[in-house]
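One structure is given here, and the rest of the page talks about it.
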Amino acid sequence: MATIADINDKLTKVLYPGFQKSIMDFGFVKDVQVEDNNCIIVLDITSSAPEVEEQLKKDISAVLADTVSNVEIRITKPEAPKQQSNSTSGQNIAPQIKNFVMVSSGKGGVGKSTTTVNLAVAAAMQGKKVGILDADIYGPNIPRMMGISGKEVEIVGNKAKPFNAYGVDVMSMGSLMDEGHALIWRGAMIMKAVQQLLRDILWEELDILFIDMPPGTGDAQLTIAQSVPVTCGVNVTTPQHVALDDSRRSLDMFKKLHIPIAGIIENMSGFICPECNSESDIFGMGTCEPLAEQYNTQVLGNLPIEPAIREGGDSGKPIVYCNPESESAKRYMSTTAKLLAYIDEVSSTASNAEIQPTTPPGVSACSTAGASSQQSSHSGGSCGCGN
């Protein structure tokens with residue numbers, strides 16, 4: 001006959017949907033009862049989504065199939081969030097947050113995460129209540145850059161509590177998965193994970209949540225935009241024209257998602273020598289102005305390469321906080337001041353009503369099911385995605 005220890009051991013193999021930690025690691029298993037060949041599992045989870053409950057029941061039943069004959073699974077979960085949007089219409093699954101800033105890039109390697117960290121810390125230093133959501137599913141570097149790498153997530157009630165560093169609340173996929181673990185996820189899994197990072201984290205009432213996006217344009221960007229009214233988007237690029245080509249795709253994404261463009265940040269714009277403090281143009285400089293004009297926006301700042309920026313990122317000591325007298329820190333502060341002014345200007349008009357999905361939940365517009373649901377309004381038998 002199976003024992004409670006046997007059951008607990010089996011449950012370590014059940015991953016919480018959308019994450020790479022088990023329900024045992026998260027502490028969601030509250031009670032296990034075994035009598036004869038019958039078992040009762042009691043869970044207290046953080047998600048109100050019915051698909052999460054269904055997946056857990058399916059996975060638990062599967063891992064215990066060869067251990068007990070009958071399994072009763074009792075799940076306690078929070079009530080589904082009521083729609084309380086601070087947008088004029090649309091959806092907002094995190095209404096306690098006043099403004100959402102999407103920090104994006106057309107390609108990787110341009111310093112997007114470093115920029116996100118220093119913008120957020122600079123905003124906190126300028127009196128704002130700030131958070132960072134590291135939604136870069138495939139490269140979650142924010143924990144290292146904020147000095148919280150390796151720390152355990154604390155569960156409070158039914159939600160995960162964000163870390164706090166340098167006056168900024170922080171949550172990252174990197175804190176919810178094993179270090180170095182490769183994620184090979186389809187779009188639907190990415191969408192669920194991104195929504196859980198917004199909905200199932202104990203975010204406080206924030207003035208601004210900076211969202212560090214994966215490079216490029218894809219499921220994560222669309223899910224964020226449909227889940228909360230994004231106040232504005234920031235594009236991070238480097239001065240080389242090959243990087244600017246990719247930035248156009250990122251800026252075009254903002255336009256298609258009806259997200260106001262706060263501006264472009266030209267990163268690695270010049271090199272500041274640590275010995276003599278002179279600035280050299282090694283990768284180009286000032287090439288973003290024509291791009292900004294093309295998209296009717298501004299260059300928020302030109303941030304140089306400075307060894308202290310890299311050192312601060314590797315050691316979890318953002319330069320804007322730990323070396324505020326440096327030239328880079330001063331530029332981060334002035335860039336953030338411009339961004340805050342833009343947020344104040346457009347905050348009241350944030351809405352995602354025009355980009356809400358018209359297909360059933362969890363169904364891609366390009367899938368067979370999505371296509372059939374739209375045939376009444378689209379001719380020619382296409383899926384209705386416009387492609």
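The chains in the structure tokens are called A, B, ... from first to last as shown; in each chain the residues are counted from 1, and the ligands are counted from 1 in the order shown.
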* If we count only C-alpha atoms, what is near segment 73-76 of chain A at a cut-off of 9 Å, once residues fewer than 2 positions away on the same chain are taken out, given as a ChimeraX atom specification? -> /A:39-46,53,57,60-61,71,78
* Enumerate, as number ranges by chain, the complete set of residues in segment 44-252 of chain A that a backbone-based DSSP assignment places in alpha helix (DSSP H). => A: 50-63, 112-125, 142-145, 187-199, 219-227, 241-252
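Proximity of A:Ile305, A:Phe271, A:Tyr16, A:Thr217 to Ala193 of chain A, computed with only C-alpha atoms, is greatest for A:Tyr16.
Of the listed residues (A:Val194, A:Met125, A:Ile355, A:Leu222), A:Val194 comes nearest to Ile137 of chain A; the distances count only C-alpha atoms.
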* To do: Could you tell me which of A:Ile264, A:Ala160, A:Ile142, A:Leu244 comes closest to Thr114 of chain A if we count only C-alpha atoms?
  =>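 Looking only at the distances to Thr114 of chain A, the closest residue turns out to be A:Ile142.
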* Can you list, as JSON, numbers by chain, every protein, DNA or RNA residue that comes within 9 Å of segment 161-177 of chain A when you count only C-alpha atoms, leaving out same-chain residues fewer than 3 positions away? -> {"A": [19, 20, 21, 120, 121, 124, 125, 129, 130, 131, 132, 133, 134, 135, 136, 137, 138, 139, 140, 141, 142, 143, 146, 147, 148, 149, 150, 151, 152, 153, 154, 155, 156, 180, 181, 193, 197, 201, 202, 203, 204, 209, 317, 318, 321]}
Output file for the residues above (N, CA and C atoms, as a short mmCIF file (atom, residue, chain, number, x, y, z; two decimals), in the first residue's frame):
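Output file again_3.cif follows:
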data_model
loop_
_atom_site.label_atom_id
_atom_site.label_comp_id
_atom_site.auth_asym_id
_atom_site.auth_seq_id
_atom_site.Cartn_x
_atom_site.Cartn_y
_atom_site.Cartn_z
N PHE A 19 5.33 26.97 -15.39
CA PHE A 19 6.56 27.16 -14.64
C PHE A 19 7.39 25.87 -14.66
N GLN A 20 8.63 25.99 -14.22
CA GLN A 20 9.53 24.85 -14.19
C GLN A 20 9.81 24.37 -12.78
N LYS A 21 8.93 24.67 -11.85
CA LYS A 21 9.01 24.17 -10.49
C LYS A 21 7.76 23.35 -10.19
N ALA A 120 14.30 51.70 -14.37
CA ALA A 120 13.42 51.45 -13.23
C ALA A 120 14.02 52.01 -11.94
N VAL A 121 15.30 51.74 -11.71
CA VAL A 121 15.94 52.25 -10.50
C VAL A 121 15.97 53.78 -10.52
N ALA A 124 12.61 55.05 -9.55
CA ALA A 124 12.41 54.93 -8.10
C ALA A 124 13.17 56.02 -7.37
N MET A 125 14.38 56.35 -7.85
CA MET A 125 15.17 57.40 -7.23
C MET A 125 14.52 58.78 -7.43
N LYS A 129 6.86 54.79 -7.36
CA LYS A 129 6.73 53.42 -6.88
C LYS A 129 6.81 52.52 -8.09
N VAL A 130 7.86 51.72 -8.16
CA VAL A 130 8.23 51.07 -9.41
C VAL A 130 8.37 49.56 -9.24
N GLY A 131 8.07 48.84 -10.31
CA GLY A 131 8.31 47.41 -10.37
C GLY A 131 8.94 47.03 -11.70
N ILE A 132 9.60 45.87 -11.72
CA ILE A 132 10.12 45.30 -12.98
C ILE A 132 9.53 43.90 -13.13
N LEU A 133 8.91 43.64 -14.27
CA LEU A 133 8.50 42.30 -14.64
C LEU A 133 9.44 41.82 -15.74
N ASP A 134 10.22 40.81 -15.44
CA ASP A 134 11.14 40.24 -16.42
C ASP A 134 10.38 39.20 -17.22
N ALA A 135 9.82 39.62 -18.35
CA ALA A 135 9.05 38.73 -19.22
C ALA A 135 9.90 38.16 -20.34
N ASP A 136 11.22 38.35 -20.26
CA ASP A 136 12.11 37.76 -21.26
C ASP A 136 12.25 36.27 -20.95
N ILE A 137 11.32 35.49 -21.46
CA ILE A 137 11.19 34.08 -21.11
C ILE A 137 12.48 33.30 -21.37
N TYR A 138 13.12 33.59 -22.49
CA TYR A 138 14.27 32.78 -22.89
C TYR A 138 15.60 33.30 -22.36
N GLY A 139 15.64 34.54 -21.89
CA GLY A 139 16.89 35.09 -21.35
C GLY A 139 16.63 35.97 -20.15
N PRO A 140 16.15 35.38 -19.05
CA PRO A 140 15.80 36.19 -17.87
C PRO A 140 17.03 36.59 -17.06
N ASN A 141 17.61 37.74 -17.39
CA ASN A 141 18.84 38.20 -16.75
C ASN A 141 18.63 39.18 -15.61
N ILE A 142 17.39 39.64 -15.42
CA ILE A 142 17.12 40.65 -14.41
C ILE A 142 17.55 40.22 -12.99
N PRO A 143 17.33 38.96 -12.56
CA PRO A 143 17.75 38.60 -11.20
C PRO A 143 19.23 38.87 -10.93
N MET A 146 19.87 42.67 -10.72
CA MET A 146 19.30 43.33 -9.53
C MET A 146 19.82 42.72 -8.23
N GLY A 147 20.75 41.78 -8.33
CA GLY A 147 21.37 41.21 -7.14
C GLY A 147 20.47 40.27 -6.37
N ILE A 148 19.51 39.64 -7.04
CA ILE A 148 18.60 38.71 -6.35
C ILE A 148 18.73 37.29 -6.89
N SER A 149 19.77 37.04 -7.66
CA SER A 149 19.95 35.71 -8.25
C SER A 149 20.09 34.65 -7.16
N GLY A 150 19.36 33.56 -7.31
CA GLY A 150 19.45 32.46 -6.36
C GLY A 150 18.53 32.56 -5.16
N LYS A 151 17.83 33.68 -4.99
CA LYS A 151 16.93 33.83 -3.85
C LYS A 151 15.63 33.08 -4.08
N GLU A 152 15.07 32.52 -3.01
CA GLU A 152 13.84 31.75 -3.09
C GLU A 152 12.62 32.67 -3.13
N VAL A 153 11.64 32.29 -3.93
CA VAL A 153 10.40 33.05 -4.01
C VAL A 153 9.54 32.76 -2.78
N GLU A 154 8.98 33.80 -2.19
CA GLU A 154 8.12 33.66 -1.02
C GLU A 154 6.65 33.67 -1.45
N ILE A 155 5.89 32.70 -0.95
CA ILE A 155 4.47 32.63 -1.25
C ILE A 155 3.70 33.25 -0.09
N VAL A 156 2.88 34.25 -0.39
CA VAL A 156 2.05 34.91 0.62
C VAL A 156 0.59 34.71 0.23
N GLY A 180 19.89 27.90 -15.52
CA GLY A 180 20.47 27.24 -16.68
C GLY A 180 19.53 26.32 -17.41
N HIS A 181 18.27 26.22 -16.93
CA HIS A 181 17.29 25.32 -17.54
C HIS A 181 16.80 25.91 -18.86
N ALA A 193 2.23 31.73 -19.29
CA ALA A 193 3.26 32.13 -18.33
C ALA A 193 3.28 33.63 -18.15
N LEU A 197 2.51 35.80 -14.69
CA LEU A 197 3.45 36.76 -14.11
C LEU A 197 2.78 38.09 -13.80
N ILE A 201 1.20 37.27 -9.31
CA ILE A 201 2.26 37.85 -8.49
C ILE A 201 1.65 38.93 -7.61
N LEU A 202 2.11 39.04 -6.38
CA LEU A 202 1.54 39.98 -5.42
C LEU A 202 2.09 41.39 -5.66
N TRP A 203 1.74 41.93 -6.83
CA TRP A 203 2.19 43.29 -7.16
C TRP A 203 1.46 44.29 -6.26
N GLU A 204 2.19 45.25 -5.75
CA GLU A 204 1.58 46.32 -4.95
C GLU A 204 0.98 47.36 -5.89
N LEU A 209 5.07 49.82 -13.88
CA LEU A 209 5.68 48.50 -14.00
C LEU A 209 6.43 48.45 -15.33
N LYS A 317 24.73 45.48 -9.21
CA LYS A 317 24.82 46.83 -8.67
C LYS A 317 24.60 47.84 -9.79
N PRO A 318 23.34 48.19 -10.07
CA PRO A 318 23.04 49.12 -11.17
C PRO A 318 23.83 50.42 -11.05
N TYR A 321 22.42 53.68 -9.47
CA TYR A 321 22.29 53.72 -8.01
C TYR A 321 23.65 53.69 -7.33
#
* So how many Å separate atom CA of Asn352 of chain A and atom CA of Pro215 of chain A, to one decimal? ->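 Between atom CA of Asn352 of chain A and atom CA of Pro215 of chain A the gap is 21.4 Å.
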* Which neighbours of segment 89-97 of chain A fall inside 10 Å, counting only C-alpha atoms, when residues of the same chain fewer than 2 positions from it are skipped, and could you give them as a PyMOL selection string? -> chain A and resi 80-87+99-100+129-131+195-196+198-209+224-230+350-356
* Asked: Taking into account only C-alpha atoms, which residue in the set A:Asp252, A:Asp344, A:Glu266, A:Glu54 is nearest to Pro239 of chain A?
  -> A:Glu266
* Structure fact -> Correct to one decimal, the distance atom CA of Phe210 of chain A-atom CA of Glu325 of chain A is 24.0 Å
* Just the strand (DSSP E) stuff from segment 119-168 of chain A, please, per backbone DSSP, written as number ranges by chain. => A: 130-134, 154-156, 159-161, 163-165, 168
* What lies within 12 Å of Leu15 of chain A using only C-alpha atoms, ignoring chain neighbours under 3 positions off, as an MDAnalysis selection string? -> chainID A and resid 10:12 18:29 52 55:60 63 176:177
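Pairwise distance (atom CA of Gln298 of chain A, atom CA of Met102 of chain A) equals 16.0 Å.
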